[in-house]
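Participant: Below is the file target-v4.cif, with mmCIF, C-alpha atoms and all ligand atoms.
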data_model
loop_
_atom_site.label_atom_id
_atom_site.label_comp_id
_atom_site.auth_asym_id
_atom_site.auth_seq_id
_atom_site.Cartn_x
_atom_site.Cartn_y
_atom_site.Cartn_z
CA MET A 1 -2.38 12.72 -11.98
CA ASN A 2 -1.53 12.40 -8.26
CA VAL A 3 1.73 10.95 -7.01
CA LEU A 4 0.22 7.65 -5.83
CA LYS A 5 -1.33 7.03 -9.26
CA ARG A 6 2.05 7.73 -10.83
CA ILE A 7 3.62 5.02 -8.62
CA ASP A 8 0.84 2.60 -9.69
CA ASP A 9 1.50 3.38 -13.34
CA SER A 10 5.23 2.88 -12.93
CA LEU A 11 4.60 -0.82 -12.16
CA ASP A 12 4.98 -1.65 -15.84
CA LEU A 13 3.49 -5.16 -15.79
CA PRO A 14 3.66 -7.25 -18.98
CA GLU A 15 0.56 -6.94 -21.18
CA GLU A 16 -1.00 -10.28 -20.08
CA GLU A 17 -0.54 -9.45 -16.36
CA ARG A 18 -1.97 -5.96 -16.89
CA LEU A 19 -5.04 -7.56 -18.52
CA ILE A 20 -5.49 -9.86 -15.48
CA LEU A 21 -5.23 -6.86 -13.14
CA ASP A 22 -7.81 -4.97 -15.23
CA ALA A 23 -10.17 -7.96 -14.99
CA VAL A 24 -9.61 -8.11 -11.20
CA SER A 25 -10.33 -4.37 -10.91
CA ALA A 26 -13.62 -4.87 -12.75
CA LEU A 27 -14.51 -7.81 -10.48
CA CYS A 28 -13.71 -5.71 -7.42
CA ARG A 29 -15.79 -2.78 -8.66
CA ASP A 30 -18.80 -4.88 -9.72
CA ARG A 31 -18.93 -7.56 -7.04
CA LEU A 32 -16.42 -7.50 -4.16
CA GLN A 33 -16.82 -3.86 -3.15
CA PRO A 34 -20.65 -3.71 -3.37
CA ASN A 35 -20.97 -6.86 -1.21
CA ALA A 36 -18.23 -6.10 1.33
CA ALA A 37 -20.41 -4.41 3.96
CA ALA A 38 -23.01 -7.20 3.89
CA TYR A 39 -20.36 -9.92 4.26
CA ASP A 40 -18.79 -7.96 7.11
CA LEU A 41 -22.15 -7.79 8.88
CA SER A 42 -23.14 -11.44 8.36
CA GLY A 43 -19.67 -12.94 8.80
CA GLU A 44 -20.64 -15.58 6.23
CA PHE A 45 -17.88 -17.13 4.15
CA PRO A 46 -17.86 -15.16 0.84
CA TRP A 47 -18.51 -18.10 -1.48
CA ASP A 48 -20.05 -15.91 -4.23
CA ASN A 49 -16.83 -13.93 -4.38
CA VAL A 50 -14.68 -17.06 -4.30
CA HIS A 51 -16.64 -18.52 -7.24
CA ALA A 52 -16.22 -15.27 -9.17
CA ILE A 53 -12.46 -15.31 -8.44
CA ASN A 54 -12.31 -18.91 -9.63
CA ASN A 55 -14.22 -18.04 -12.80
CA LEU A 56 -11.30 -15.77 -13.63
CA GLY A 57 -8.92 -18.65 -12.85
CA LEU A 58 -6.95 -16.54 -10.40
CA ASN A 59 -5.48 -19.47 -8.41
CA GLY A 60 -3.64 -20.25 -11.62
CA MET A 61 -1.54 -17.12 -11.04
CA PHE A 62 0.57 -18.91 -8.46
CA ILE A 63 0.50 -22.53 -9.72
CA PRO A 64 3.13 -23.60 -12.27
CA ASP A 65 1.80 -24.38 -15.76
CA GLU A 66 2.73 -28.09 -15.53
CA TYR A 67 0.27 -28.50 -12.62
CA GLY A 68 -2.64 -26.73 -14.29
CA GLY A 69 -1.83 -23.07 -13.54
CA THR A 70 -0.78 -20.12 -15.64
CA LYS A 71 1.90 -18.72 -13.34
CA THR A 72 2.49 -14.98 -13.34
CA SER A 73 5.12 -12.85 -11.59
CA TYR A 74 5.06 -12.34 -7.81
CA VAL A 75 4.75 -8.57 -8.37
CA SER A 76 1.56 -9.16 -10.32
CA TYR A 77 0.27 -11.40 -7.49
CA LEU A 78 1.00 -8.56 -4.99
CA ALA A 79 -0.78 -6.04 -7.22
CA THR A 80 -3.79 -8.37 -7.43
CA ILE A 81 -4.13 -8.97 -3.71
CA ARG A 82 -3.74 -5.25 -3.02
CA GLU A 83 -6.53 -4.53 -5.53
CA MET A 84 -8.83 -7.10 -3.88
CA ALA A 85 -8.06 -5.76 -0.37
CA LYS A 86 -9.20 -2.29 -1.44
CA ALA A 87 -12.60 -3.77 -2.27
CA CYS A 88 -13.09 -6.49 0.37
CA ALA A 89 -10.31 -7.30 2.81
CA ALA A 90 -11.96 -10.57 3.91
CA THR A 91 -12.23 -11.97 0.38
CA ALA A 92 -8.69 -10.89 -0.39
CA MET A 93 -7.49 -12.80 2.68
CA VAL A 94 -9.33 -15.95 1.54
CA TRP A 95 -7.50 -15.84 -1.78
CA GLY A 96 -4.20 -14.79 -0.20
CA THR A 97 -4.33 -17.59 2.37
CA THR A 98 -4.47 -20.19 -0.38
CA PHE A 99 -1.36 -18.60 -1.87
CA HIS A 100 0.44 -18.48 1.52
CA ALA A 101 -0.34 -22.13 2.19
CA VAL A 102 0.27 -23.57 -1.26
CA LYS A 103 3.55 -21.76 -1.92
CA PRO A 104 5.59 -24.14 0.31
CA VAL A 105 3.95 -27.07 -1.51
CA ILE A 106 5.08 -25.61 -4.84
CA ASP A 107 8.57 -24.94 -3.51
CA PHE A 108 9.18 -28.10 -1.47
CA ALA A 109 6.74 -30.95 -2.26
CA SER A 110 7.77 -33.92 -4.38
CA LYS A 111 6.71 -34.17 -8.02
CA GLU A 112 4.26 -36.95 -7.10
CA GLN A 113 2.68 -34.79 -4.36
CA LYS A 114 2.40 -31.81 -6.68
CA GLN A 115 0.86 -33.89 -9.50
CA ARG A 116 -1.63 -35.34 -7.05
CA LEU A 117 -2.63 -32.14 -5.19
CA LEU A 118 -1.96 -28.98 -7.21
CA PRO A 119 -4.36 -29.38 -10.20
CA ASN A 120 -7.34 -29.19 -7.83
CA ILE A 121 -5.96 -26.00 -6.25
CA ALA A 122 -5.32 -24.47 -9.68
CA LYS A 123 -9.03 -25.04 -10.42
CA GLY A 124 -10.00 -23.06 -7.32
CA GLY A 125 -9.44 -25.27 -4.27
CA LEU A 126 -8.77 -23.58 -0.92
CA VAL A 127 -5.71 -24.27 1.24
CA SER A 128 -5.01 -23.54 4.93
CA LEU A 129 -1.63 -23.00 6.55
CA CYS A 130 -1.66 -24.61 10.00
CA ILE A 131 1.06 -23.44 12.40
CA THR A 132 -0.43 -21.73 15.47
CA GLU A 133 -1.54 -23.62 18.59
CA PRO A 134 -3.05 -22.38 21.86
CA THR A 135 0.36 -22.44 23.58
CA ALA A 136 2.48 -21.72 20.48
CA GLY A 137 1.80 -18.30 18.92
CA SER A 138 4.73 -15.92 18.45
CA ASP A 139 7.02 -18.82 19.35
CA ALA A 140 5.73 -21.33 16.83
CA THR A 141 8.50 -23.77 17.77
CA GLY A 142 6.50 -24.54 20.93
CA MET A 143 3.91 -26.45 18.89
CA LYS A 144 2.77 -29.81 20.28
CA THR A 145 0.98 -31.45 17.35
CA LYS A 146 2.68 -34.80 16.95
CA PHE A 147 3.50 -36.90 13.87
CA THR A 148 4.16 -40.51 14.85
CA PRO A 149 5.40 -42.91 12.13
CA ASP A 150 3.53 -46.23 12.02
CA GLY A 151 4.68 -48.52 9.20
CA ASP A 152 3.78 -46.83 5.91
CA ASP A 153 1.53 -44.34 7.72
CA ILE A 154 1.81 -41.33 10.00
CA ILE A 155 -0.52 -40.81 12.96
CA ILE A 156 -1.39 -37.17 13.70
CA THR A 157 -2.51 -36.05 17.15
CA GLY A 158 -3.02 -32.55 18.56
CA GLY A 159 -4.75 -29.42 17.35
CA LYS A 160 -4.37 -25.95 15.86
CA THR A 161 -5.96 -22.61 16.58
CA PHE A 162 -6.66 -19.44 14.52
CA ILE A 163 -6.58 -21.30 11.21
CA THR A 164 -7.80 -19.14 8.35
CA GLN A 165 -10.52 -20.93 6.32
CA GLY A 166 -9.78 -24.18 8.16
CA ASP A 167 -13.52 -25.00 8.00
CA GLN A 168 -13.57 -24.68 4.20
CA ALA A 169 -10.16 -25.78 2.97
CA ASP A 170 -9.55 -28.69 0.59
CA LEU A 171 -5.94 -29.06 1.72
CA PHE A 172 -4.11 -28.37 4.99
CA VAL A 173 -0.39 -27.70 5.12
CA LEU A 174 0.20 -28.92 8.63
CA PHE A 175 3.23 -28.24 10.83
CA GLY A 176 3.95 -30.57 13.74
CA LYS A 177 6.75 -32.45 15.46
CA TRP A 178 8.22 -35.79 14.44
CA SER A 179 7.91 -38.07 17.46
CA GLU A 180 11.27 -39.76 16.89
CA ILE A 181 13.30 -36.53 16.94
CA GLU A 182 13.99 -35.21 20.42
CA ASN A 183 15.25 -31.67 19.75
CA ASP A 184 12.24 -29.33 19.75
CA LYS A 185 13.19 -27.26 16.71
CA ALA A 186 14.80 -30.07 14.75
CA ALA A 187 11.60 -32.14 15.09
CA ILE A 188 9.37 -29.71 13.16
CA SER A 189 8.00 -31.42 10.05
CA VAL A 190 5.22 -30.84 7.51
CA VAL A 191 2.38 -33.15 6.52
CA LEU A 192 -0.18 -32.56 3.78
CA LEU A 193 -3.67 -33.34 5.02
CA GLU A 194 -6.66 -33.60 2.73
CA LYS A 195 -10.22 -32.52 3.50
CA GLY A 196 -12.46 -35.24 4.86
CA THR A 197 -9.67 -37.38 6.36
CA PRO A 198 -11.22 -39.26 9.35
CA GLY A 199 -10.19 -37.73 12.70
CA LEU A 200 -9.98 -34.14 11.40
CA SER A 201 -12.59 -31.85 12.94
CA VAL A 202 -13.40 -28.15 13.35
CA VAL A 203 -13.90 -27.50 17.07
CA GLY A 204 -14.46 -23.73 17.21
CA LYS A 205 -14.93 -20.60 15.12
CA GLU A 206 -13.82 -17.09 16.12
CA ASP A 207 -16.21 -14.11 16.15
CA LYS A 208 -13.79 -11.42 14.99
CA MET A 209 -13.38 -7.64 15.01
CA GLY A 210 -12.56 -7.42 11.30
CA GLN A 211 -12.15 -9.46 8.13
CA ARG A 212 -15.21 -11.17 9.49
CA ALA A 213 -16.23 -13.14 6.40
CA CYS A 214 -12.88 -14.87 6.22
CA SER A 215 -13.34 -17.67 8.75
CA THR A 216 -10.83 -18.39 11.53
CA VAL A 217 -11.22 -21.75 13.28
CA SER A 218 -9.69 -24.25 15.68
CA LEU A 219 -8.93 -27.75 14.43
CA ALA A 220 -8.54 -31.04 16.30
CA PHE A 221 -6.55 -34.05 15.08
CA ASP A 222 -7.77 -37.25 16.69
CA ASN A 223 -5.37 -40.03 15.68
CA ILE A 224 -5.56 -39.11 12.01
CA ARG A 225 -3.86 -41.67 9.81
CA VAL A 226 -2.26 -40.47 6.56
CA PRO A 227 0.10 -42.31 4.21
CA ARG A 228 3.77 -41.44 4.63
CA ALA A 229 3.57 -40.24 1.03
CA ASN A 230 1.95 -37.11 2.52
CA LEU A 231 5.08 -36.09 4.45
CA MET A 232 6.70 -33.10 2.76
CA CYS A 233 10.48 -33.47 2.37
CA GLU A 234 12.11 -35.36 5.28
CA PRO A 235 11.26 -35.52 9.00
CA GLY A 236 12.77 -32.39 10.59
CA ASP A 237 12.71 -30.20 7.46
CA GLY A 238 9.80 -28.13 8.81
CA LEU A 239 11.66 -25.09 10.14
CA LYS A 240 13.40 -24.50 6.82
CA ILE A 241 10.03 -24.79 5.05
CA LEU A 242 8.39 -22.47 7.61
CA PHE A 243 10.94 -19.66 7.18
CA SER A 244 10.79 -19.91 3.40
CA ALA A 245 6.97 -19.84 3.46
CA LEU A 246 6.91 -16.75 5.70
CA ASN A 247 9.29 -14.86 3.40
CA LYS A 248 6.71 -15.16 0.63
CA SER A 249 3.60 -14.61 2.73
CA ARG A 250 4.78 -11.52 4.62
CA PRO A 251 5.03 -9.30 1.51
CA SER A 252 1.56 -10.58 0.63
CA ILE A 253 0.22 -9.43 4.02
CA ALA A 254 1.90 -6.07 3.36
CA ALA A 255 0.20 -5.74 -0.04
CA HIS A 256 -3.10 -6.59 1.63
CA ALA A 257 -2.52 -3.98 4.36
CA LEU A 258 -1.52 -1.37 1.78
CA GLY A 259 -4.72 -2.04 -0.17
CA ILE A 260 -6.75 -1.24 2.96
CA ALA A 261 -4.58 1.83 3.66
CA ARG A 262 -4.91 3.12 0.10
CA VAL A 263 -8.69 2.83 -0.09
CA ALA A 264 -9.03 4.50 3.34
CA PHE A 265 -6.80 7.35 2.19
CA GLU A 266 -8.71 7.79 -1.09
CA ASP A 267 -12.11 7.69 0.63
CA ALA A 268 -10.96 10.30 3.17
CA VAL A 269 -9.55 12.58 0.46
CA ALA A 270 -12.80 12.35 -1.53
CA TYR A 271 -14.83 13.13 1.59
CA ILE A 272 -12.85 16.19 2.71
CA ASN A 273 -12.84 17.56 -0.83
CA GLN A 274 -16.61 17.95 -0.63
CA ARG A 275 -17.45 18.26 3.09
CA GLN A 276 -17.63 21.90 4.18
CA GLN A 277 -17.21 23.55 7.58
CA SER A 278 -16.81 27.28 8.31
CA GLY A 279 -17.61 27.98 4.64
CA ARG A 280 -14.66 26.04 3.24
CA ASN A 281 -13.96 22.53 2.05
CA ILE A 282 -12.24 20.70 4.91
CA ILE A 283 -9.22 19.90 2.71
CA GLU A 284 -8.45 23.63 2.57
CA PHE A 285 -7.49 23.72 6.28
CA GLN A 286 -3.73 23.59 6.69
CA GLY A 287 -3.87 21.25 9.71
CA ILE A 288 -5.71 18.74 7.50
CA GLN A 289 -3.22 19.17 4.65
CA PHE A 290 -0.38 18.31 7.02
CA MET A 291 -2.16 15.05 7.91
CA LEU A 292 -2.57 14.20 4.22
CA ALA A 293 1.06 15.03 3.48
CA ASP A 294 2.35 12.58 6.08
CA MET A 295 -0.03 9.81 5.04
CA ALA A 296 0.61 10.21 1.29
CA THR A 297 4.39 10.30 1.79
CA ASP A 298 4.39 7.18 3.97
CA LEU A 299 2.14 5.42 1.46
CA ALA A 300 4.39 6.35 -1.45
CA LEU A 301 7.51 5.10 0.35
CA CYS A 302 5.91 1.90 1.56
CA GLU A 303 4.33 1.06 -1.81
CA SER A 304 7.70 1.61 -3.48
CA TRP A 305 9.31 -0.83 -1.01
CA LEU A 306 6.52 -3.33 -1.72
CA TRP A 307 7.35 -3.43 -5.42
CA ARG A 308 11.08 -3.59 -4.67
CA VAL A 309 10.70 -6.64 -2.42
CA GLY A 310 8.37 -8.21 -5.00
CA ARG A 311 10.98 -7.78 -7.73
CA MET A 312 13.66 -9.31 -5.47
CA ILE A 313 11.50 -12.41 -5.08
CA ASP A 314 10.85 -12.54 -8.84
CA ALA A 315 14.60 -12.35 -9.38
CA GLY A 316 14.99 -15.47 -7.23
CA GLU A 317 16.79 -13.76 -4.34
CA ASP A 318 16.59 -15.90 -1.19
CA ASP A 319 18.01 -13.65 1.49
CA ILE A 320 15.00 -11.36 1.82
CA GLY A 321 13.81 -12.10 5.37
CA ILE A 322 14.67 -8.69 6.82
CA GLU A 323 13.32 -6.82 3.80
CA ALA A 324 10.07 -8.79 4.16
CA SER A 325 9.89 -8.08 7.90
CA MET A 326 10.43 -4.34 7.36
CA LEU A 327 7.73 -4.31 4.70
CA LYS A 328 5.16 -6.28 6.71
CA MET A 329 5.78 -4.23 9.85
CA ARG A 330 5.70 -0.80 8.25
CA ALA A 331 2.78 -1.55 5.86
CA SER A 332 0.56 -2.92 8.63
CA ASP A 333 1.39 -0.08 11.06
CA LEU A 334 0.61 2.35 8.25
CA ALA A 335 -2.69 0.64 7.47
CA MET A 336 -3.72 1.01 11.13
CA HIS A 337 -2.59 4.65 11.21
CA ILE A 338 -4.24 5.70 7.94
CA THR A 339 -7.53 3.90 8.62
CA THR A 340 -7.68 5.57 12.05
CA GLU A 341 -7.00 8.99 10.50
CA ALA A 342 -9.59 8.27 7.78
CA VAL A 343 -12.21 7.77 10.50
CA GLN A 344 -11.02 11.02 12.11
CA LEU A 345 -11.31 12.93 8.82
CA HIS A 346 -14.91 11.76 8.43
CA GLY A 347 -15.75 13.19 11.88
CA GLY A 348 -18.73 11.52 13.55
CA TYR A 349 -19.82 9.96 10.26
CA GLY A 350 -16.58 7.98 10.18
CA TYR A 351 -17.61 6.21 13.38
CA CYS A 352 -20.84 4.93 11.82
CA ARG A 353 -21.47 2.08 9.42
CA ASP A 354 -22.93 4.38 6.73
CA TYR A 355 -19.33 4.96 5.62
CA PRO A 356 -16.86 2.09 5.08
CA VAL A 357 -13.94 3.70 6.93
CA GLU A 358 -14.90 2.12 10.28
CA ARG A 359 -14.72 -1.30 8.56
CA TYR A 360 -11.32 -0.49 7.10
CA MET A 361 -10.07 0.35 10.60
CA ARG A 362 -11.34 -2.97 11.98
CA ASP A 363 -9.98 -4.90 8.98
CA ALA A 364 -6.55 -3.28 9.31
CA LYS A 365 -5.86 -4.25 12.92
CA ILE A 366 -5.11 -7.93 12.36
CA THR A 367 -2.40 -7.11 9.81
CA GLN A 368 -0.24 -5.98 12.75
CA ILE A 369 -0.79 -9.31 14.50
CA TYR A 370 -0.70 -12.26 12.09
CA GLU A 371 2.28 -13.56 10.09
CA GLY A 372 4.45 -12.56 13.05
CA THR A 373 3.34 -9.72 15.31
CA ASN A 374 5.04 -6.39 14.70
CA GLN A 375 6.92 -6.78 17.99
CA ILE A 376 8.47 -9.97 16.60
CA HIS A 377 9.34 -8.22 13.32
CA ARG A 378 11.02 -5.35 15.21
CA GLN A 379 13.01 -7.96 17.09
CA LEU A 380 14.06 -9.75 13.87
CA ILE A 381 15.10 -6.50 12.18
CA GLY A 382 16.98 -5.12 15.19
CA ARG A 383 18.70 -8.45 15.88
CA SER A 384 20.03 -8.59 12.32
CA PHE A 385 22.46 -5.78 13.19
CA ILE A 386 24.18 -7.66 16.01
CA GLU A 387 27.77 -8.10 14.88
CA LYS A 388 28.87 -11.72 15.11
C1 LIG B 1 -7.65 -13.57 12.30
C2 LIG B 1 -6.44 -14.44 12.51
C3 LIG B 1 -6.03 -15.28 11.47
C4 LIG B 1 -4.92 -16.11 11.65
N1 LIG B 1 -4.58 -17.02 10.67
C5 LIG B 1 -3.64 -17.97 10.93
C6 LIG B 1 -3.43 -19.06 10.03
O1 LIG B 1 -4.07 -19.16 8.98
N2 LIG B 1 -2.52 -20.01 10.37
C7 LIG B 1 -1.80 -19.95 11.53
O2 LIG B 1 -1.00 -20.83 11.78
N3 LIG B 1 -1.98 -18.93 12.40
C8 LIG B 1 -2.89 -17.94 12.14
N4 LIG B 1 -3.10 -16.91 13.05
C9 LIG B 1 -2.31 -16.86 14.27
C10 LIG B 1 -1.37 -15.67 14.34
O3 LIG B 1 -0.29 -15.83 13.46
C11 LIG B 1 -0.98 -15.49 15.82
O4 LIG B 1 -2.12 -14.99 16.48
C12 LIG B 1 0.19 -14.58 16.01
O5 LIG B 1 1.37 -15.18 15.52
C13 LIG B 1 0.42 -14.20 17.48
O6 LIG B 1 0.36 -15.32 18.32
P1 LIG B 1 -0.60 -15.26 19.65
O7 LIG B 1 -1.93 -14.82 19.18
O8 LIG B 1 -0.48 -16.56 20.33
O9 LIG B 1 0.02 -14.09 20.52
P2 LIG B 1 1.23 -14.21 21.58
O10 LIG B 1 2.39 -14.87 20.93
O11 LIG B 1 0.71 -14.77 22.84
O12 LIG B 1 1.58 -12.67 21.80
C14 LIG B 1 0.84 -11.80 22.68
C15 LIG B 1 1.58 -10.45 22.70
O13 LIG B 1 2.91 -10.64 23.22
C16 LIG B 1 3.86 -10.14 22.29
N5 LIG B 1 5.07 -10.98 22.30
C17 LIG B 1 5.15 -12.32 22.23
N6 LIG B 1 6.43 -12.73 22.21
C18 LIG B 1 7.18 -11.60 22.27
C19 LIG B 1 8.60 -11.35 22.27
N7 LIG B 1 9.48 -12.33 22.17
N8 LIG B 1 9.00 -10.05 22.34
C20 LIG B 1 8.11 -9.04 22.40
N9 LIG B 1 6.77 -9.22 22.40
C21 LIG B 1 6.32 -10.49 22.32
C22 LIG B 1 3.17 -10.21 20.92
O14 LIG B 1 3.75 -9.29 20.00
C23 LIG B 1 1.75 -9.84 21.30
O15 LIG B 1 1.61 -8.45 21.35
C24 LIG B 1 -4.19 -16.06 12.87
C25 LIG B 1 -4.62 -15.19 13.89
C26 LIG B 1 -5.73 -14.43 13.73
C27 LIG B 1 -6.20 -13.58 14.89
#
Could you quickly redo this structure as structure tokens?
Ligand SMILES: Cc1cc2nc3c(=O)[nH]c(=O)nc-3n(C[C@H](O)[C@H](O)[C@H](O)COP(=O)(O)OP(=O)(O)OC[C@H]3O[C@@H](n4cnc5c(N)ncnc54)[C@H](O)[C@@H]3O)c2cc1C

Facilitator:
Amino acid sequence: MNVLKRIDDSLDLPEEERLILDAVSALCRDRLQPNAAAYDLSGEFPWDNVHAINNLGLNGMFIPDEYGGTKTSYVSYLATIREMAKACAATAMVWGTTFHAVKPVIDFASKEQKQRLLPNIAKGGLVSLCITEPTAGSDATGMKTKFTPDGDDIIITGGKTFITQGDQADLFVLFGKWSEIENDKAAISVVLLEKGTPGLSVVGKEDKMGQRACSTVSLAFDNIRVPRANLMCEPGDGLKILFSALNKSRPSIAAHALGIARVAFEDAVAYINQRQQSGRNIIEFQGIQFMLADMATDLALCESWLWRVGRMIDAGEDDIGIEASMLKMRASDLAMHITTEAVQLHGGYGYCRDYPVERYMRDAKITQIYEGTNQIHRQLIGRSFIEK
């Protein structure tokens, strides 16, 4: 057994979580992986895959039992998204985005809000997390979407850009600024917006390099009126909710990136074990072995850190922001590096669509950009060492 398999086996999930992961592996083998190239080409939203995921009840993994889920550990969630990303990165991101967006609802919404909204998500509903705006990317606090109180209602004006599955979602976890609070950061608040609310429209869809079947859209909010009952926590609680949400979504992005990295590594290893040049299998050349050694070692270290951060979250540790930043940054850089090397190891064939490695390379790139670019993560990590 190779070293990476041994790390996988050391995960030691409880029996019921192992059975879920086995079912996900079968789904990935039979449906997600065979359809991945076609979805990449068409860029169509992968509804067949979403229905198959919902038939397994996988949204239940992150919804508490009292709201219709069958909640499992965070480590098992990470293992599941990594497994899906190996097969179809776009589908994995659809499922992962619902987790990223619904987690703050689980952690911060009122009981009434959870009873009203979560059962539908447990059954398979999609959720979008809406933070980014055209002039507020890395500095999300520059957002301009406005929440204006009006009696028992809130009026929403503004717009968002780059919203994953914003054209398909049933629920939008929307960040904006409370009109009555002057301080820019203190004004950030969160409103829950349901599909079909008058004034909500999709005004553009991106044509992307990778993860093409997972839609990315711009949204406009034209004087949307929602009941104040849809405000999460109090006006001005948004920044706290945002940081907490990112601490849970960044390890998820890392697991996703490591799934892409792992499949690219395994495909390359399989290829160079059979491809011959100069009368030898390519893997027998020492220069190639050195490349594998570096990639396998980095993968082993990064995967081990993934499970460590996952266990910290399962143990209820809150102060994990820097660990999560390190993980997201290193995993996504590694995914880009390994997918690029996997193309290289396939020679000219790696550059062509007959082999999936060129798709892995395109799918990997965004993991360095979203959920905080890797420049921002380097800044957060480095800054944490400034002595106060
Ligand atoms: C496919 C896709 C899906 C996405 N999904 C979502 C989603 O579901 N919800 C959502 O809210 N957003 C989403 N995003 C937005 C994403 O999080 C942002 O694109 C990202 O945070 C970067 O913002 P920006 O694109 O405006 O880049 P900018 O912030 O303009 O950055 C441009 C460059 O400048 C660098 N830079 C910026 N500030 C600094 C600094 N202080 N120091 C050093 N370098 C800096 C950046 O690292 C980057 O290289 C998505 C984006 C994409 C492309």

Participant: Could you please determine the separation between CA of Thr216 (chain A) and CA of Thr164 (chain A) in Å, to one decimal place?

Facilitator: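 CA of Thr164 (chain A) lies at a distance of 4.5 Å from CA of Thr216 (chain A).
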
Participant: Please list as a ChimeraX atom specification every residue within 9 Å of region 270-282 of chain A, counting only C-alpha atoms and excluding residues in the same chain fewer than 5 positions away.

Facilitator: /A:265,288,345-346

Participant: Taking only C-alpha atoms and all ligand atoms into account, which residues have an atom no farther than 10 Å from ligand LIG 1 (chain B)? I'd like them as a PyMOL selection string.

Facilitator: chain A and resi 90+93-94+97-98+100-101+127-140+160-166+173-175+206-212+214-218+363+365-380

Participant: Enter the distance from CA of Ile121 (chain A) to CA of Asp153 (chain A), in Å, rounded to one decimal.

Facilitator: 24.2 Å

Participant: Considering all atoms listed in the file, can you say which of A:Asp152, A:Ala23, A:Trp95, A:Leu306 comes closest to Ile7 (chain A)?

Facilitator: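 Looking at the shortest contact to Ile7 (chain A), the residue is A:Leu306.
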
Participant: Measuring between only C-alpha atoms, which one of A:Gly204, A:Gly238, A:Gly68, A:Gly316 shows the shortest distance to Arg116 (chain A)?

Facilitator: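 Answer, going by the shortest atom-to-atom distance: A:Gly68.
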
Participant: Contacts of Met361 (chain A) at 10 Å or less, counting only C-alpha atoms, minus same-chain residues fewer than 3 places along, as a count of residues only?

Facilitator: 21

Participant: At a cut-off of 8 Å, using only C-alpha atoms, what residues contact region 247-251 of chain A? Leave out same-chain residues fewer than 2 positions from it and give the result as a list in words.

Facilitator: Leu78, Phe99, His100, Lys103, Phe243, Ser244, Ala245, Ile253, Ala254, Ala255, Leu306, Val309, Gly310, Ile313, Ile320, Gly321, Ala324, Ser325, Leu327, Lys328 and Glu371 of chain A

Participant: Tell me, as a list in words, which residues lie within 7 Å of region 41-44 of chain A, counting only C-alpha atoms; anything in the same chain fewer than 3 positions away does not count.

Facilitator: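 Listing them by chain and then by number gives Ala37, Ala38, Arg212 and Ala213 of chain A.
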
Participant: Based on the selection just made, write C-alpha atoms of those residues as a JSON list (two decimals), keeping the file's coordinate frame.

Facilitator:
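result27.json, written as the output of this step:
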[["chain", "number", "residue", "atom", "x", "y", "z"],
["A", 37, "ALA", "CA", -20.41, -4.41, 3.96],
["A", 38, "ALA", "CA", -23.01, -7.20, 3.89],
["A", 212, "ARG", "CA", -15.21, -11.17, 9.49],
["A", 213, "ALA", "CA", -16.23, -13.14, 6.40]]

Participant: Using all atoms listed in the file, which protein or nucleic acid residues come within 12 Å of Leu117 (chain A)? Drop anything in the same chain fewer than 4 positions from it, and give the result as a compact mmCIF listing (two decimals) with C-alpha atoms, keeping the file's coordinate frame.

Facilitator:
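Final file, result_2.txt:
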# COMPACT_ATOMS: atom_id res chain seq x y z
CA ILE A 63 0.50 -22.53 -9.72
CA TYR A 67 0.27 -28.50 -12.62
CA GLY A 68 -2.64 -26.73 -14.29
CA VAL A 102 0.27 -23.57 -1.26
CA VAL A 105 3.95 -27.07 -1.51
CA ILE A 106 5.08 -25.61 -4.84
CA ALA A 109 6.74 -30.95 -2.26
CA SER A 110 7.77 -33.92 -4.38
CA LYS A 111 6.71 -34.17 -8.02
CA GLU A 112 4.26 -36.95 -7.10
CA GLN A 113 2.68 -34.79 -4.36
CA ILE A 121 -5.96 -26.00 -6.25
CA ALA A 122 -5.32 -24.47 -9.68
CA LYS A 123 -9.03 -25.04 -10.42
CA GLY A 124 -10.00 -23.06 -7.32
CA GLY A 125 -9.44 -25.27 -4.27
CA LEU A 126 -8.77 -23.58 -0.92
CA VAL A 127 -5.71 -24.27 1.24
CA ASP A 170 -9.55 -28.69 0.59
CA LEU A 171 -5.94 -29.06 1.72
CA PHE A 172 -4.11 -28.37 4.99
CA VAL A 173 -0.39 -27.70 5.12
CA LEU A 192 -0.18 -32.56 3.78
CA LEU A 193 -3.67 -33.34 5.02
CA GLU A 194 -6.66 -33.60 2.73
CA LYS A 195 -10.22 -32.52 3.50
CA ALA A 229 3.57 -40.24 1.03
CA ASN A 230 1.95 -37.11 2.52

Participant: Would you kindly identify which residues have an atom no farther than 9 Å from (0.0, -20.0, -10.8), using all atoms listed in the file and the file's own coordinates, and write them out as JSON, numbers by chain?

Facilitator: {"A": [58, 59, 60, 61, 62, 63, 64, 65, 67, 68, 69, 70, 71, 72, 73, 122]}

Participant: Could you tell me how far CA of Gln115 (chain A) sits from CA of Ile154 (chain A), in Å to one decimal place?

Facilitator: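 Value for the CA of Ile154 (chain A)-CA of Gln115 (chain A) distance: 20.9 Å.
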
Participant: Using all atoms listed in the file, which of the listed residues (A:Gly287, A:Pro104, A:Gly259, A:Pro235) sits closest to Asp8 (chain A)?

Facilitator: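 Ranked by minimum distance to Asp8 (chain A), first place goes to A:Gly259.
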
Participant: I need every residue sitting at most 9 Å from the point (-5.7, -6.2, -7.1) (coordinates as in the file, only C-alpha atoms considered), written as number ranges by chain.

Facilitator: A: 21-22, 24-25, 28, 76-87, 92, 259

Participant: Between A:Gly142, A:Leu239, A:Asp167, A:Gly347, which has the minimum distance to Lys205 (chain A) (counting only C-alpha atoms)?

Facilitator: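 Distance minimum relative to Lys205 (chain A) lands on A:Asp167.
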